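Notes follow the structure.
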Amino acid sequence: MNLEYTFKVEGGNFSKAGVASSDVKKVLKKLNVGPKTIRRIVVSLYEAEINIIAHAYRGEILVKISENKVETTLKDSGPGIEDINKAMEEGYSTASPEVREMGFGAGMGLSNMNKNTDKLEITSEVGVGTTVKLMNWI
Amino acid sequence: MASISIGTIAELTSAKVVCGNKGKSCLVEKAFSSDLMSDVLRLESENLLLITGLANLQAVRTAEMADISYILFVRGKQATPEMVALAKENGITILETGYSLYKTSGILYSAGLKPVF
Ligand SMILES: Nc1ncnc2c1ncn2[C@@H]1O[C@H](COP(=O)(O)OP(=O)(O)OP(=O)(O)O)[C@@H](O)[C@H]1O
Ligand SMILES: [Mg+2]
């Protein structure tokens, strides 16, 4: 089995936030993946998806599902992250007032991703963009 | 562990059940009050009631991702048709109360609904 899905994400457009995560959830349910594992995968994907909408200009999500794992790459064009370690700290957030009004900006997203993935890789270049890779065994 | 039905929660907070199951079999064990969705996404509890003043599509999406089946909107915030549709699609029950977040949380806490932490 080798399934691939791609999604485009527009910065600032919260109305579509969660569409990728929702689709992936439906696919994983059909594949009979355990509910706890599904929850871990979609929570981290949702957080990463929201981060593109909240902090970047635009991005692309590539989800690859195989027999034993789900690998997701989220690549965005945006301001990038200067200090990734600091951004990972719980409570650290540069979210704008508009983003906070939508219910985000607790500074918990990256830590939630870290907790819910079996492997998390973040690379970023200031002024260019950020790439987040999420991996979970299924 | 003590649990409270959705019907009782609606009665106690004078809330309207907008969609979903209101039967006595829908039992809630714990509740969490927040307007910040990533705070909600870090919880791992089951049979959880989310109490929030954030009445937008993201609140429902968050519940969908976190497997939360019950949302109670406070301060008279109303769910839009789009939110109700998304909730129905995912088997999520939505309630609306005119009470404030503090009052709602206080009433339900006194009634024995446990906090997550
Ligand atoms: N894709 C991204 N592009 C640019 N900056 C980012 C990106 N993702 C995260 N950041 C930076 O890292 C910080 C922490 O991210 P994190 O997801 O943990 O919290 P948040 O998005 O601010 O709030 P929350 O996720 O709790 O709603 C952000 O405030 C932002 O400064
Ligand atoms: Mg975030």
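Quick note on naming: the chains in the structure tokens go A, B, ... in the order shown, residues restart at 1 in each chain, and ligands are numbered from 1 in order of appearance.
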For this session: Just the residues within 7 Å of segment 52-66 of chain A, please, counting only C-alpha atoms, with nothing from its chain fewer than 3 positions along; format it as a VMD selection string.
Result: chain A and resid 1 to 14 48 to 49 69 to 79 99
Using only C-alpha atoms, find the residues of chain B whose closest atom to chain A is at most 8 Å away, then write them as a compact mmCIF listing (two decimals) with all heavy atoms, in the first residue's frame.
# COMPACT_ATOMS: atom_id res chain seq x y z
N ASP B 35 -10.58 29.00 25.73
CA ASP B 35 -10.79 29.61 24.42
C ASP B 35 -9.58 29.40 23.52
O ASP B 35 -9.53 29.89 22.40
CB ASP B 35 -11.06 31.12 24.56
CG ASP B 35 -12.45 31.39 25.14
OD1 ASP B 35 -13.23 30.43 25.29
OD2 ASP B 35 -12.74 32.56 25.44
N LEU B 36 -8.58 28.68 24.04
CA LEU B 36 -7.36 28.44 23.27
C LEU B 36 -7.30 26.98 22.84
O LEU B 36 -7.20 26.07 23.65
CB LEU B 36 -6.12 28.80 24.08
CG LEU B 36 -5.91 30.31 24.26
CD1 LEU B 36 -4.78 30.58 25.23
CD2 LEU B 36 -5.62 30.98 22.92
N MET B 37 -7.35 26.77 21.53
CA MET B 37 -7.55 25.43 21.02
C MET B 37 -6.35 24.50 21.22
O MET B 37 -6.52 23.29 21.40
CB MET B 37 -7.97 25.48 19.54
CG MET B 37 -9.35 26.12 19.36
SD MET B 37 -10.66 25.23 20.29
CE MET B 37 -11.08 26.39 21.58
N SER B 38 -5.13 25.04 21.18
CA SER B 38 -3.97 24.15 21.39
C SER B 38 -3.90 23.67 22.83
O SER B 38 -3.31 22.63 23.11
CB SER B 38 -2.67 24.86 21.02
OG SER B 38 -2.65 25.04 19.64
N ASP B 39 -4.50 24.42 23.73
CA ASP B 39 -4.60 23.98 25.12
C ASP B 39 -5.53 22.77 25.21
O ASP B 39 -5.33 21.87 26.00
CB ASP B 39 -5.22 25.12 25.95
CG ASP B 39 -4.21 25.73 26.89
OD1 ASP B 39 -3.09 25.18 26.98
OD2 ASP B 39 -4.54 26.74 27.52
N LEU B 41 -6.08 20.73 22.61
CA LEU B 41 -5.50 19.63 21.82
C LEU B 41 -4.45 18.83 22.59
O LEU B 41 -4.04 17.77 22.16
CB LEU B 41 -4.90 20.18 20.53
CG LEU B 41 -5.94 20.60 19.49
CD1 LEU B 41 -5.31 21.49 18.43
CD2 LEU B 41 -6.57 19.38 18.83
N ARG B 42 -3.99 19.35 23.71
CA ARG B 42 -2.99 18.58 24.45
C ARG B 42 -3.64 17.62 25.45
O ARG B 42 -2.95 16.82 26.07
CB ARG B 42 -2.01 19.50 25.14
CG ARG B 42 -2.57 20.17 26.36
CD ARG B 42 -1.53 21.11 26.93
NE ARG B 42 -2.19 22.04 27.81
CZ ARG B 42 -1.66 22.50 28.92
NH1 ARG B 42 -0.46 22.12 29.26
NH2 ARG B 42 -2.31 23.33 29.67
N LEU B 54 -15.37 30.40 22.41
CA LEU B 54 -14.88 30.53 21.04
C LEU B 54 -15.84 29.82 20.11
O LEU B 54 -15.73 28.62 19.87
CB LEU B 54 -13.48 29.91 20.90
CG LEU B 54 -12.88 30.06 19.50
CD1 LEU B 54 -12.19 31.40 19.37
CD2 LEU B 54 -11.93 28.93 19.17
N ASN B 56 -16.44 29.40 16.82
CA ASN B 56 -16.13 29.42 15.39
C ASN B 56 -15.87 28.00 14.91
O ASN B 56 -15.87 27.05 15.70
CB ASN B 56 -14.95 30.36 15.07
CG ASN B 56 -13.63 29.87 15.66
OD1 ASN B 56 -13.49 28.72 16.04
ND2 ASN B 56 -12.67 30.76 15.73
N LEU B 57 -15.65 27.89 13.59
CA LEU B 57 -15.48 26.57 12.99
C LEU B 57 -14.30 25.82 13.60
O LEU B 57 -14.31 24.60 13.72
CB LEU B 57 -15.27 26.75 11.48
CG LEU B 57 -15.58 25.56 10.59
CD1 LEU B 57 -17.00 25.06 10.77
CD2 LEU B 57 -15.32 25.90 9.13
N GLN B 58 -13.29 26.56 14.04
CA GLN B 58 -12.08 25.95 14.60
C GLN B 58 -12.36 25.19 15.90
O GLN B 58 -11.71 24.20 16.19
CB GLN B 58 -11.01 27.01 14.80
CG GLN B 58 -9.94 27.01 13.74
CD GLN B 58 -10.43 26.62 12.37
OE1 GLN B 58 -11.11 27.38 11.69
NE2 GLN B 58 -10.14 25.41 11.94
N ALA B 59 -13.33 25.68 16.65
CA ALA B 59 -13.68 24.98 17.89
C ALA B 59 -14.23 23.59 17.56
O ALA B 59 -13.90 22.59 18.21
CB ALA B 59 -14.71 25.78 18.68
N ARG B 61 -13.69 21.93 14.65
CA ARG B 61 -12.58 21.18 14.05
C ARG B 61 -11.69 20.58 15.14
O ARG B 61 -11.24 19.44 15.05
CB ARG B 61 -11.71 22.10 13.20
CG ARG B 61 -12.25 22.34 11.83
CD ARG B 61 -11.82 21.23 10.87
NE ARG B 61 -12.30 21.50 9.52
CZ ARG B 61 -12.92 20.63 8.75
NH1 ARG B 61 -13.16 19.41 9.18
NH2 ARG B 61 -13.31 20.95 7.55
N GLU B 64 -13.26 17.68 16.59
CA GLU B 64 -13.16 16.57 15.64
C GLU B 64 -11.80 15.87 15.76
O GLU B 64 -11.72 14.66 15.87
CB GLU B 64 -13.37 17.09 14.21
CG GLU B 64 -13.20 16.02 13.13
CD GLU B 64 -13.14 16.58 11.71
OE1 GLU B 64 -13.28 17.82 11.53
OE2 GLU B 64 -12.96 15.78 10.78
N MET B 65 -10.72 16.66 15.76
CA MET B 65 -9.37 16.08 15.80
C MET B 65 -9.07 15.42 17.13
O MET B 65 -8.38 14.42 17.21
CB MET B 65 -8.31 17.15 15.51
CG MET B 65 -8.42 17.79 14.16
SD MET B 65 -8.64 16.57 12.86
CE MET B 65 -9.54 17.55 11.68
N ALA B 66 -9.59 16.01 18.20
CA ALA B 66 -9.26 15.51 19.55
C ALA B 66 -10.26 14.47 20.04
O ALA B 66 -10.20 14.07 21.21
CB ALA B 66 -9.18 16.68 20.52
N ASP B 67 -11.18 14.05 19.18
CA ASP B 67 -12.22 13.09 19.57
C ASP B 67 -13.04 13.56 20.76
O ASP B 67 -13.35 12.79 21.68
CB ASP B 67 -11.60 11.71 19.89
CG ASP B 67 -11.00 11.05 18.65
OD1 ASP B 67 -11.52 11.30 17.55
OD2 ASP B 67 -10.03 10.30 18.79
Exercise. Running DSSP on the backbone, which parts of chain B land in helix (DSSP H, G or I), as a ChimeraX atom specification?
Worked result: /B:6-12,37-41,57-65,81-89,101-110
Exercise. If you run DSSP on the backbone, which residues of segment 10-113 of chain B are strand (DSSP E), as a list in words?
Worked result: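 Put together, the selection reads Lys16, Val17, Val18, Cys19, Leu27, Val28, Lys30, Ala31, Phe32, Ser33, Leu48, Leu49, Leu50, Ile51, Thr52, Tyr70, Ile71, Leu72, Phe73, Thr93, Ile94, Leu95 and Glu96 of chain B.
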Could you save the residues just selected, with N, CA and C atoms, as an mmCIF file, in the first residue's frame?
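The resulting selection.cif:
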data_model
loop_
_atom_site.group_PDB
_atom_site.id
_atom_site.type_symbol
_atom_site.label_atom_id
_atom_site.label_comp_id
_atom_site.auth_asym_id
_atom_site.auth_seq_id
_atom_site.Cartn_x
_atom_site.Cartn_y
_atom_site.Cartn_z
ATOM 1 N N LYS B 16 -29.401 25.120 25.499
ATOM 2 C CA LYS B 16 -30.181 24.517 24.429
ATOM 3 C C LYS B 16 -29.287 23.497 23.727
ATOM 4 N N VAL B 17 -29.822 22.313 23.455
ATOM 5 C CA VAL B 17 -29.055 21.329 22.697
ATOM 6 C C VAL B 17 -29.325 21.594 21.213
ATOM 7 N N VAL B 18 -28.312 22.078 20.521
ATOM 8 C CA VAL B 18 -28.484 22.506 19.134
ATOM 9 C C VAL B 18 -28.451 21.333 18.166
ATOM 10 N N CYS B 19 -27.562 20.393 18.434
ATOM 11 C CA CYS B 19 -27.525 19.201 17.605
ATOM 12 C C CYS B 19 -26.908 18.067 18.384
ATOM 13 N N LEU B 27 -22.985 10.240 28.463
ATOM 14 C CA LEU B 27 -22.415 10.584 29.751
ATOM 15 C C LEU B 27 -21.069 11.292 29.623
ATOM 16 N N VAL B 28 -20.937 12.352 30.394
ATOM 17 C CA VAL B 28 -19.712 13.139 30.401
ATOM 18 C C VAL B 28 -19.039 12.946 31.755
ATOM 19 N N LYS B 30 -15.684 14.451 32.456
ATOM 20 C CA LYS B 30 -14.825 15.577 32.791
ATOM 21 C C LYS B 30 -15.114 16.749 31.870
ATOM 22 N N ALA B 31 -14.690 17.937 32.309
ATOM 23 C CA ALA B 31 -14.858 19.100 31.454
ATOM 24 C C ALA B 31 -13.597 19.945 31.470
ATOM 25 N N PHE B 32 -13.456 20.755 30.430
ATOM 26 C CA PHE B 32 -12.309 21.653 30.326
ATOM 27 C C PHE B 32 -12.815 22.958 29.714
ATOM 28 N N SER B 33 -12.491 24.085 30.364
ATOM 29 C CA SER B 33 -12.929 25.388 29.863
ATOM 30 C C SER B 33 -11.750 26.136 29.273
ATOM 31 N N LEU B 48 -15.130 13.838 27.267
ATOM 32 C CA LEU B 48 -14.839 15.183 27.748
ATOM 33 C C LEU B 48 -15.840 16.198 27.181
ATOM 34 N N LEU B 49 -16.224 17.149 28.032
ATOM 35 C CA LEU B 49 -17.045 18.272 27.582
ATOM 36 C C LEU B 49 -16.138 19.487 27.444
ATOM 37 N N LEU B 50 -16.144 20.100 26.254
ATOM 38 C CA LEU B 50 -15.383 21.332 26.054
ATOM 39 C C LEU B 50 -16.315 22.515 26.273
ATOM 40 N N ILE B 51 -15.955 23.377 27.236
ATOM 41 C CA ILE B 51 -16.744 24.574 27.507
ATOM 42 C C ILE B 51 -15.950 25.757 26.963
ATOM 43 N N THR B 52 -16.527 26.499 26.021
ATOM 44 C CA THR B 52 -15.755 27.563 25.387
ATOM 45 C C THR B 52 -16.618 28.731 24.923
ATOM 46 N N TYR B 70 -18.580 16.493 22.902
ATOM 47 C CA TYR B 70 -19.540 17.455 23.455
ATOM 48 C C TYR B 70 -18.918 18.846 23.580
ATOM 49 N N ILE B 71 -19.606 19.858 23.009
ATOM 50 C CA ILE B 71 -19.141 21.247 23.146
ATOM 51 C C ILE B 71 -20.270 22.084 23.725
ATOM 52 N N LEU B 72 -19.943 22.885 24.728
ATOM 53 C CA LEU B 72 -20.921 23.813 25.298
ATOM 54 C C LEU B 72 -20.422 25.240 25.070
ATOM 55 N N PHE B 73 -21.136 25.985 24.216
ATOM 56 C CA PHE B 73 -20.766 27.374 23.953
ATOM 57 C C PHE B 73 -21.419 28.279 24.998
ATOM 58 N N THR B 93 -22.053 16.681 19.745
ATOM 59 C CA THR B 93 -23.215 17.341 20.326
ATOM 60 C C THR B 93 -22.849 18.781 20.677
ATOM 61 N N ILE B 94 -23.688 19.739 20.257
ATOM 62 C CA ILE B 94 -23.439 21.149 20.585
ATOM 63 C C ILE B 94 -24.531 21.676 21.493
ATOM 64 N N LEU B 95 -24.115 22.354 22.563
ATOM 65 C CA LEU B 95 -25.047 23.036 23.460
ATOM 66 C C LEU B 95 -24.705 24.514 23.505
ATOM 67 N N GLU B 96 -25.717 25.343 23.749
ATOM 68 C CA GLU B 96 -25.491 26.790 23.869
ATOM 69 C C GLU B 96 -26.153 27.308 25.151
#
